[in-house]
Amino acid sequence: MSHYHIFSPEHALDYARRHAPGFVTARLSVAEVGDGNLNRVFRVVDEDSVRGVIVKQALPYIRSVGESWPLTRDRARIEAQVLRCHGEHCPEYRVTLLHHDAEQSVLLLEDLSAMALWRRTLIDGFAPAGAAARLGDYLARVHYHGSDFHLSSPRKRAALARFGNPELCAATEAVFFEHPYRDHSCNRIAQGLRPMAEWLWRDSLLNEVFALWQHYRERALLLGRKLIMQPLSPARLRRRLEQEIQRS
């Protein structure tokens, strides 16, 4: 068993060669594609078939900040277990987990790069038809199977202990609900926007942010983070939950 080390592109390519189906003798290329705040993400591609896989490694700190903000690598273990759990209840909407390495905090995932990012399509002014309904279906299924409607009290408490990630929740709260609304060292503000930022820090908007934060803290845990989204009306969401109860 090898000790943990931070992957370079070459490490990711070698890892994919050893663990991705059909990659042992393939001509491979690799590129770092992650633009997130937390992890290193690489895409390894078979040059002949153009088939790819994603190598995702959790770092022992927040990637966008550096070693001054440590963060547990256990989030990779939680993500792998959550993907397996969600795959049992809603496999058609879940990315395929090909391999998980607890020692290196690495997940080998299905490559979805051929798909458009929903965030980008929304920014471009395009709302994919049926996306909200499918998202609601996914949320209803996974939330029902992790709720008191489906789980006994001992199983629910065990799941909370297994999937809870207080470090990541605290980091998310700080980055989304605290730092942007005060003069914090993590903020990067263009000089021309500085007066507007200072105005926002003094504005009553802070009261709305605080209310949103409280709303956030009360919602269900999903992959160590919390989700604020209601794509379905309460009545439609209730019907989805009732359908899941009838299926189980």
# chains A, B, ... in the order shown; residues from 1 in each chain; ligands from 1
>>> select_by_dssp(residues="segment 7-240 of chain A", states="alpha helix (DSSP H)", output="VMD selection string")
chain A and resid 9 to 19 74 to 89 118 to 123 131 to 145 153 to 163 166 to 173 194 to 202 205 to 217 234 to 240
>>> atom_distance(atom1="atom CA of Val53 of chain A", atom2="atom CA of Ala20 of chain A")
7.4 Å
>>> atom_distance(atom1="atom CA of Trp199 of chain A", atom2="atom CA of Glu173 of chain A")
21.8 Å
>>> closest_atom_pairs(of="segment 92-147 of chain A", to="segment 26-44 of chain A", cutoff="12 Å", atoms="only C-alpha atoms", output="tab-separated table")
residue	atom	partner	partner_atom	distance
A:Ser105	CA	A:Asn39	CA	10.1
A:Val106	CA	A:Arg40	CA	9.5
A:Leu107	CA	A:Val41	CA	9.6
A:Leu108	CA	A:Phe42	CA	9.8
A:Leu109	CA	A:Arg43	CA	9.6
A:Glu110	CA	A:Arg43	CA	10.0
A:Asp111	CA	A:Arg43	CA	7.6
A:Leu112	CA	A:Arg43	CA	10.0
A:Ser113	CA	A:Arg43	CA	8.8
A:Ala114	CA	A:Arg43	CA	11.9
>>> select_by_dssp(residues="segment 21-122 of chain A", states="strand (DSSP E or B)", output="mmCIF file with N, CA and C atoms, in the first residue's frame")
data_model
loop_
_atom_site.group_PDB
_atom_site.id
_atom_site.type_symbol
_atom_site.label_atom_id
_atom_site.label_comp_id
_atom_site.auth_asym_id
_atom_site.auth_seq_id
_atom_site.Cartn_x
_atom_site.Cartn_y
_atom_site.Cartn_z
ATOM 1 N N LEU A 28 -2.551 6.887 -24.190
ATOM 2 C CA LEU A 28 -3.306 7.778 -23.319
ATOM 3 C C LEU A 28 -2.735 9.182 -23.319
ATOM 4 N N SER A 29 -3.612 10.148 -23.114
ATOM 5 C CA SER A 29 -3.201 11.528 -22.871
ATOM 6 C C SER A 29 -3.938 12.008 -21.625
ATOM 7 N N VAL A 30 -3.419 13.063 -21.003
ATOM 8 C CA VAL A 30 -4.000 13.541 -19.758
ATOM 9 C C VAL A 30 -3.982 15.064 -19.733
ATOM 10 N N ALA A 31 -4.997 15.634 -19.099
ATOM 11 C CA ALA A 31 -5.057 17.086 -18.911
ATOM 12 C C ALA A 31 -5.757 17.363 -17.593
ATOM 13 N N GLU A 32 -5.274 18.365 -16.864
ATOM 14 C CA GLU A 32 -5.972 18.770 -15.642
ATOM 15 C C GLU A 32 -7.142 19.657 -16.051
ATOM 16 N N ASN A 39 -10.652 20.159 -5.110
ATOM 17 C CA ASN A 39 -9.948 18.943 -5.525
ATOM 18 C C ASN A 39 -9.111 19.141 -6.773
ATOM 19 N N ARG A 40 -8.238 18.171 -7.027
ATOM 20 C CA ARG A 40 -7.539 18.090 -8.306
ATOM 21 C C ARG A 40 -8.310 17.113 -9.187
ATOM 22 N N VAL A 41 -8.567 17.536 -10.433
ATOM 23 C CA VAL A 41 -9.355 16.714 -11.344
ATOM 24 C C VAL A 41 -8.628 16.625 -12.682
ATOM 25 N N PHE A 42 -8.460 15.388 -13.181
ATOM 26 C CA PHE A 42 -7.770 15.138 -14.444
ATOM 27 C C PHE A 42 -8.688 14.334 -15.366
ATOM 28 N N ARG A 43 -8.553 14.584 -16.655
ATOM 29 C CA ARG A 43 -9.232 13.760 -17.664
ATOM 30 C C ARG A 43 -8.177 12.985 -18.422
ATOM 31 N N VAL A 44 -8.307 11.662 -18.404
ATOM 32 C CA VAL A 44 -7.389 10.776 -19.113
ATOM 33 C C VAL A 44 -8.149 10.158 -20.280
ATOM 34 N N VAL A 45 -7.575 10.269 -21.491
ATOM 35 C CA VAL A 45 -8.290 9.879 -22.706
ATOM 36 C C VAL A 45 -7.506 8.827 -23.474
ATOM 37 N N ASP A 46 -8.226 7.814 -23.936
ATOM 38 C CA ASP A 46 -7.676 6.847 -24.885
ATOM 39 C C ASP A 46 -7.662 7.531 -26.255
ATOM 40 N N GLY A 52 -12.810 8.513 -22.399
ATOM 41 C CA GLY A 52 -12.097 9.097 -21.287
ATOM 42 C C GLY A 52 -12.610 8.648 -19.935
ATOM 43 N N VAL A 53 -11.797 8.906 -18.915
ATOM 44 C CA VAL A 53 -12.209 8.735 -17.520
ATOM 45 C C VAL A 53 -11.720 9.954 -16.750
ATOM 46 N N ILE A 54 -12.326 10.178 -15.586
ATOM 47 C CA ILE A 54 -11.964 11.284 -14.723
ATOM 48 C C ILE A 54 -11.264 10.754 -13.477
ATOM 49 N N VAL A 55 -10.116 11.330 -13.175
ATOM 50 C CA VAL A 55 -9.373 11.012 -11.947
ATOM 51 C C VAL A 55 -9.501 12.217 -11.023
ATOM 52 N N LYS A 56 -10.155 12.020 -9.900
ATOM 53 C CA LYS A 56 -10.442 13.115 -8.969
ATOM 54 C C LYS A 56 -9.803 12.806 -7.618
ATOM 55 N N GLN A 57 -8.948 13.707 -7.156
ATOM 56 C CA GLN A 57 -8.244 13.477 -5.894
ATOM 57 C C GLN A 57 -8.555 14.590 -4.899
ATOM 58 N N ALA A 58 -8.906 14.186 -3.679
ATOM 59 C CA ALA A 58 -9.124 15.145 -2.598
ATOM 60 C C ALA A 58 -7.780 15.561 -2.012
ATOM 61 N N TYR A 61 -6.272 20.095 1.864
ATOM 62 C CA TYR A 61 -6.560 21.508 2.096
ATOM 63 C C TYR A 61 -7.473 21.994 0.979
ATOM 64 N N ILE A 62 -7.983 23.216 1.118
ATOM 65 C CA ILE A 62 -8.820 23.794 0.076
ATOM 66 C C ILE A 62 -7.923 24.253 -1.069
ATOM 67 N N GLY A 66 -5.051 27.009 -0.442
ATOM 68 C CA GLY A 66 -3.727 26.483 -0.146
ATOM 69 C C GLY A 66 -3.664 25.839 1.230
ATOM 70 N N GLU A 67 -2.474 25.521 1.654
ATOM 71 C CA GLU A 67 -2.278 24.759 2.880
ATOM 72 C C GLU A 67 -2.678 25.526 4.134
ATOM 73 N N SER A 68 -2.911 26.827 4.019
ATOM 74 C CA SER A 68 -3.327 27.605 5.186
ATOM 75 C C SER A 68 -4.753 27.276 5.611
ATOM 76 N N TRP A 69 -5.520 26.585 4.751
ATOM 77 C CA TRP A 69 -6.888 26.191 5.113
ATOM 78 C C TRP A 69 -7.002 24.675 4.954
ATOM 79 N N PRO A 70 -6.594 23.914 5.968
ATOM 80 C CA PRO A 70 -6.649 22.448 5.878
ATOM 81 C C PRO A 70 -8.076 21.933 5.841
ATOM 82 N N LEU A 97 -19.289 5.509 -10.660
ATOM 83 C CA LEU A 97 -18.042 5.393 -9.906
ATOM 84 C C LEU A 97 -17.341 4.112 -10.358
ATOM 85 N N LEU A 98 -16.169 4.259 -10.977
ATOM 86 C CA LEU A 98 -15.434 3.102 -11.505
ATOM 87 C C LEU A 98 -14.490 2.495 -10.489
ATOM 88 N N HIS A 99 -13.957 3.336 -9.597
ATOM 89 C CA HIS A 99 -12.977 2.842 -8.629
ATOM 90 C C HIS A 99 -12.801 3.891 -7.534
ATOM 91 N N HIS A 100 -12.541 3.428 -6.310
ATOM 92 C CA HIS A 100 -12.248 4.343 -5.209
ATOM 93 C C HIS A 100 -11.020 3.834 -4.466
ATOM 94 N N ASP A 101 -10.072 4.728 -4.246
ATOM 95 C CA ASP A 101 -8.828 4.412 -3.546
ATOM 96 C C ASP A 101 -8.794 5.236 -2.265
ATOM 97 N N VAL A 106 -8.714 9.043 -3.935
ATOM 98 C CA VAL A 106 -8.950 9.192 -5.376
ATOM 99 C C VAL A 106 -10.233 8.478 -5.772
ATOM 100 N N LEU A 107 -10.995 9.135 -6.640
ATOM 101 C CA LEU A 107 -12.152 8.526 -7.280
ATOM 102 C C LEU A 107 -11.886 8.474 -8.779
ATOM 103 N N LEU A 108 -12.186 7.333 -9.380
ATOM 104 C CA LEU A 108 -12.134 7.178 -10.828
ATOM 105 C C LEU A 108 -13.580 7.181 -11.312
ATOM 106 N N LEU A 109 -13.925 8.168 -12.146
ATOM 107 C CA LEU A 109 -15.313 8.417 -12.490
ATOM 108 C C LEU A 109 -15.556 8.366 -13.999
ATOM 109 N N GLU A 110 -16.791 8.092 -14.337
ATOM 110 C CA GLU A 110 -17.250 8.197 -15.722
ATOM 111 C C GLU A 110 -16.976 9.608 -16.249
#
>>> closest_residue(among="A:Ala211, A:Leu139, A:Ala132, A:Met196", to="His89 of chain A", atoms="only C-alpha atoms")
A:Leu139
>>> closest_residue(among="A:Arg119, A:Leu212, A:Leu160, A:Gln104", to="His11 of chain A", atoms="only C-alpha atoms")
A:Gln104
>>> residues_around(residues="Arg188 of chain A", least_positions_apart="4", cutoff="12 Å", atoms="only C-alpha atoms", output="ChimeraX atom specification")
/A:64-65,179-180,182-184,192-194,197
>>> write_last_selection(atoms="C-alpha atoms", output="PDB file, in the first residue's frame")
ATOM      1  CA  SER A  64      -8.153  27.502  -4.167  1.00  0.00           C
ATOM      2  CA  VAL A  65      -6.666  28.777  -0.867  1.00  0.00           C
ATOM      3  CA  HIS A 179     -16.510  36.061   3.494  1.00  0.00           C
ATOM      4  CA  PRO A 180     -18.258  37.797   0.547  1.00  0.00           C
ATOM      5  CA  ARG A 182     -17.321  41.562   4.811  1.00  0.00           C
ATOM      6  CA  ASP A 183     -13.792  42.746   4.150  1.00  0.00           C
ATOM      7  CA  HIS A 184     -12.091  39.342   4.297  1.00  0.00           C
ATOM      8  CA  GLY A 192     -12.989  49.617  -9.518  1.00  0.00           C
ATOM      9  CA  LEU A 193     -15.575  47.488  -7.710  1.00  0.00           C
ATOM     10  CA  ARG A 194     -14.246  48.220  -4.238  1.00  0.00           C
ATOM     11  CA  ALA A 197     -18.388  46.041  -2.281  1.00  0.00           C
TER      12      ALA A 197
END
>>> closest_residue(among="A:Trp201, A:Phe163, A:Phe210, A:Phe126", to="Val82 of chain A", atoms="only C-alpha atoms")
A:Phe163
>>> closest_residue(among="A:Val24, A:Glu103, A:Tyr181, A:Ser8", to="Asp74 of chain A", atoms="only C-alpha atoms")
A:Glu103
>>> atom_distance(atom1="atom CA of Ile78 of chain A", atom2="atom CA of Ala102 of chain A")
10.2 Å
>>> closest_residue(among="A:Leu13, A:Leu200, A:Cys90, A:Ala158", to="Arg141 of chain A", atoms="only C-alpha atoms")
A:Cys90
